[in-house]
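Structure first, then comments.
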Amino acid sequence: MSPNSKTVQLHDKRFKLSIPSDHIQAAISAMASHLKKDIGEEQPLFLGILNGSFRFASDLVSNYEGPCDVTFVKVASYEGTRTTGEVKRLIGLDENVAGRVVVVLEDIVDTGTTVEQILYDLEGRGAKRVIIATLLFKPEAYTRQLTIDHVALQVANEFLVGYGLDYDGLGRNLNDIYTLILENENSMKNIILFGPPGAGKGTQSTFLVNTFGLVHLSTGDIFRSNIKQETDLGKLAKSYMDKGELVPDDVTIQMLESEVLKHPEAKGFIFDGFPRTVAQAEALDAFLERRGTDIFRMLALDVPEEELVSRLVGRGKESGRADDQNEEIIRNRIKVYEQQTSILAQFYQAKGRFVAVDGIGSIEAISSRLEEAMKD
Ligand code: AMP
């Protein structure tokens with residue numbers, strides 16, 4: 001049995017070995033000597049962020065040659081004002097950090113929100129210098145400008161446990177790091193529901209969810225919910241959506257991937273409104289391949305432009321959705337679809353995954369055409 005076939009069960013999920021402990025220890029020992037060079041003769045205060053970093057902090061300071069202080073804190077979240085959103089604060093920090101070199105020890109940095117707020121907190125307490133050192137770093141998930149000073153290991157945007165990291169309380173005691181196995185990954189049926197705005201993708205998704213037990217991910221809906229909650233992502237997306245333009249690829253791809261990772265139980269996904277560019281399609285292919293799965297079919301709903309405009313104007317009157325109110329914006333969205341995204345039909349046609357479906361007729365008639373198009 002190869003070492004990489006090692007698996008563990010935690011609660012309802014299985015995880016496979018991803019980073020063996022000797023690899024972790026080597027990376028930590030290299031980090032300790034880089035840190036010593038960076039800090040020089042100063043006596044740093046190592047600040048371990050609980051709970052996840054307890055093992056990392058312990059092994060790192062054991063490898064650090066020179067006098068140092070070590071303490072542990074927790075990060076607590078509380079609801080800030082509407083404009084600041086969720087705010088995170090250090091709790092349990094009794095040491096005076098004013099004028100000191102503080103090394104923040106994190107187990108994992110993904111979006112970077114927490115570590116950025118820890119930095120502000122420590123700067124507010126008068127630290128002379130704050131160094132961020134993390135065991136794991138997810139470049140694909142990272143959204144901040146702040147440079148992470150020391151990274152022991154870069155990892156893919158996957159769910160990891162072990163060596164301090166937990167899944168619902170379990171797994172912190174494992175010496176290696178493990179990654180989640182998607183039980184259904186080889187039998188997953190992932191579908192792209194393709195078509196211009198107003199083609200009926202939302203309506204038909206409900207049918208596909210009920211019939212095939214898939215999880216529906218609509219990038220438009222996810223953006224709209226972020227706008228409603230006034231998140232940073234929502235603010236950014238709004239400026240593009242208001243004009244009927246596409247939100248930049250990097251933001252959209254990262255958001256979509258993190259939504260997929262929230263559903264490890266899924267039997268498959270309906271991607272609605274994604275991909276809309278070749279870059280997004282390539283990123284989706286690569287992401288699914290890393291997870292041992294692929295796109296089963298692209299189902300493209302065919303509806304002529306005049307029919308779309310009249311459907312969307314009607315929908316705008318009922319729903320009040322901002323980008324459905326104005327005929328000029330509607331036509332621009334259809335134009336954007338035709339210019340930038342029809343090329344995707346060719347992309348999936350070349351892979352033999354493309355099926356066009358007539359999108360004119362009753363909801364039931366279109367549903368049964370889709371069901372037919374789903375057959376192997
Ligand atoms: P939809 O609800 O799918 O029509 O999307 C509404 C708006 O959200 C679009 O006009 C874009 O501004 C944005 N959007 C949705 N999906 C994507 C995507 N895959 N790439 C870029 N922008 C998107």
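Residue numbering restarts at 1 for every chain of the structure tokens, chains are lettered A, B, ... in their displayed order, and ligands are numbered from 1 as they appear.
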* Skip Arg369 in chain A itself and residues of its chain fewer than 6 positions away, then list as an MDAnalysis selection string all residues within 9 Å of it, counting only C-alpha atoms. => chainID A and resid 357:359
* Asked: If we count only C-alpha atoms, what is near range 133-142 of chain A at a cut-off of 8 Å, once residues fewer than 2 positions away on the same chain are taken out, given as a PyMOL selection string?
  -> chain A and resi 28+56+103-112+131+144+148-157+254+258
* Test item: residues no farther than 7 Å from ligand 1, counting only C-alpha atoms and all ligand atoms, as a list in words -> Pro197, Ser218, Thr219, Gly220, Asp221, Phe223, Ala237, Tyr240, Met241, Gly244, Glu245, Leu246, Val247, Pro248, Asp249, Thr252, Asp272, Gly273, Phe274, Pro275, Arg276 and Arg333 of chain A
Selection from above, C-alpha atoms, as a short mmCIF file (atom, residue, chain, number, x, y, z; two decimals), in the first residue's frame, can you write it?
data_model
loop_
_atom_site.label_atom_id
_atom_site.label_comp_id
_atom_site.auth_asym_id
_atom_site.auth_seq_id
_atom_site.Cartn_x
_atom_site.Cartn_y
_atom_site.Cartn_z
CA PRO A 197 -30.57 35.86 -19.88
CA SER A 218 -26.21 30.31 -9.97
CA THR A 219 -23.39 32.85 -10.05
CA GLY A 220 -25.94 35.64 -10.64
CA ASP A 221 -27.88 34.59 -7.51
CA PHE A 223 -23.64 37.83 -6.55
CA ALA A 237 -19.86 42.84 -8.40
CA TYR A 240 -20.33 45.54 -13.20
CA MET A 241 -23.79 44.05 -12.87
CA GLY A 244 -24.88 44.42 -17.60
CA GLU A 245 -21.15 43.64 -17.86
CA LEU A 246 -19.33 40.56 -16.63
CA VAL A 247 -17.68 40.51 -13.20
CA PRO A 248 -13.90 39.85 -13.61
CA ASP A 249 -12.90 36.21 -14.08
CA THR A 252 -15.98 34.88 -10.23
CA ASP A 272 -26.13 28.25 -14.04
CA GLY A 273 -24.55 31.40 -15.44
CA PHE A 274 -21.08 29.88 -15.19
CA PRO A 275 -18.80 29.57 -17.11
CA ARG A 276 -19.34 32.66 -19.21
CA ARG A 333 -26.66 41.49 -21.47
#
* Test item: residues at most 10 Å from Val313 in chain A, only C-alpha atoms, excluding those fewer than 3 positions along its chain, as number ranges by chain -> A: 198, 308-310, 316-318, 323-327, 330
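The smallest atom-to-atom distance between Ala98 in chain A and any of A:Arg224, A:Lys74, A:Lys335, A:Lys128, using only C-alpha atoms, is found for A:Lys128.
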* Residue neighbourhood Gly164 in chain A, 7 Å, only C-alpha atoms, exclusion window fewer than 5 positions, as a PyMOL selection string -> chain A and resi 52-55+172-173
Those residues with C-alpha atoms, as a tab-separated table (two decimals), in the first residue's frame please?
chain	number	residue	atom	x	y	z
A	52	GLY	CA	-5.73	25.43	15.03
A	53	SER	CA	-2.14	26.59	15.49
A	54	PHE	CA	-1.29	24.87	18.78
A	55	ARG	CA	0.86	22.15	17.18
A	172	ARG	CA	-6.54	18.01	15.45
A	173	ASN	CA	-4.45	15.18	16.93
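Nearest-residue note for Tyr120 in chain A: choosing from A:Lys201, A:His216, A:Arg100, A:Arg89, the minimum distance belongs to A:Arg89, counting only C-alpha atoms.
Counting only C-alpha atoms, the residue from A:Tyr163, A:Phe269, A:Phe207, A:Phe15 that sits nearest to Ser367 in chain A is A:Phe207.
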